[in-house]
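**Q** Dropping the structure in here first, questions after.
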Amino acid sequence: MSQPPAGAQISEDGNYWWDANANAWQLIQHDAGGAADASQAATGAQASNAPHVTADHVADMMASAEQDAAEIA
Amino acid sequence: MGEVADIVNSGVAVIHLVANHASVTTVQGGYANGFPSGFDGQGLTGGQFKAVGKRWKQDSAWYDFTTVDMDFTITMHWMWGASIHGDGHYIDHITVTLDVDYLPLDQTVDVVANFPTHGSRLGTEDNVIAAMPFTIAVQMNYFLGQLVGWRRSLDCLVQGDGQWQMG
């Protein structure tokens, strides 16, 4: 496995780059790509698991944030 | 000033303020007042300003995705203790402001103060205390995975003797 040099042709599936010297497709090292895939997966999971916010939840949050009225010096 | 008629508001009826992450916009501003009926404000002397604020401040833990950080204050201002020819405790320059220390990008706060055409006359015939009740409606909208809203109505009262109510 190796990293493709700048300007190298990448296969459509993104797993190989064309090595003109060897006249062969080389497998791309997947560590970085794997991390990116994992990040994308996490982002997708976060979006799909976004909390369902109810009106009661918002009311509780605002009640928690609300302070008593007070004179301002 | 002799016989005191009703306390009226010949100033603004509505103050409308809108805030987001970047700024506070005055959609409609100005001052309400609480003069006796038929009085245009000339001869009003003395008085001092007072401000009373109500704050919403939320600091959430970084891992709490269901709570939104915010920090804004709605303040009512008025002049109290003014007299007419040495008599009474009148009010003037009643207004509402919105100050924002922090709002998230997708959050807006909408504040509308509604003032009545008539106030209240407290105290005695010889020592009138003017009072002006009004309401402040606070509407907040933000996007937290979905668009959600919250609304709160504040019953407010400012008086010529410096007393107040906001809640």
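A note on labels: chains of the structure tokens are A, B, ... as shown, every chain counts residues from 1, and ligands are counted from 1 in their shown order.
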Return the neighbours of chain B among the residues of chain A, cut-off 6 Å, counting only C-alpha atoms, as a PyMOL selection string.

**A** chain A and resi 50+65-67+69-72

**Q** Going by DSSP on the backbone, which residues of chain B come out as strand (DSSP E)? List them as a PyMOL selection string.

**A** chain B and resi 7-8+14-19+24-28+32-36+44-58+70-84+87-102+107-114+120-123+128-143+147-159+164-166

**Q** Do you have the CA of Val112 in chain B-CA of Gln42 in chain B distance handy?

**A**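 So the answer is 28.9 Å.
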
**Q** For a quick check of understanding, using only C-alpha atoms, which of B:Asp99, B:Asp92, B:Glu125, B:Asp64 has the smallest distance to Gly30 in chain B?

**A**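 Selected residue with least distance to Gly30 in chain B: B:Asp92.
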
**Q** How many Å lie between CA of Tyr63 in chain B and CA of Met61 in chain A, rounded to one decimal?

**A**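 Computed distance, CA of Tyr63 in chain B to CA of Met61 in chain A, equals 15.5 Å.
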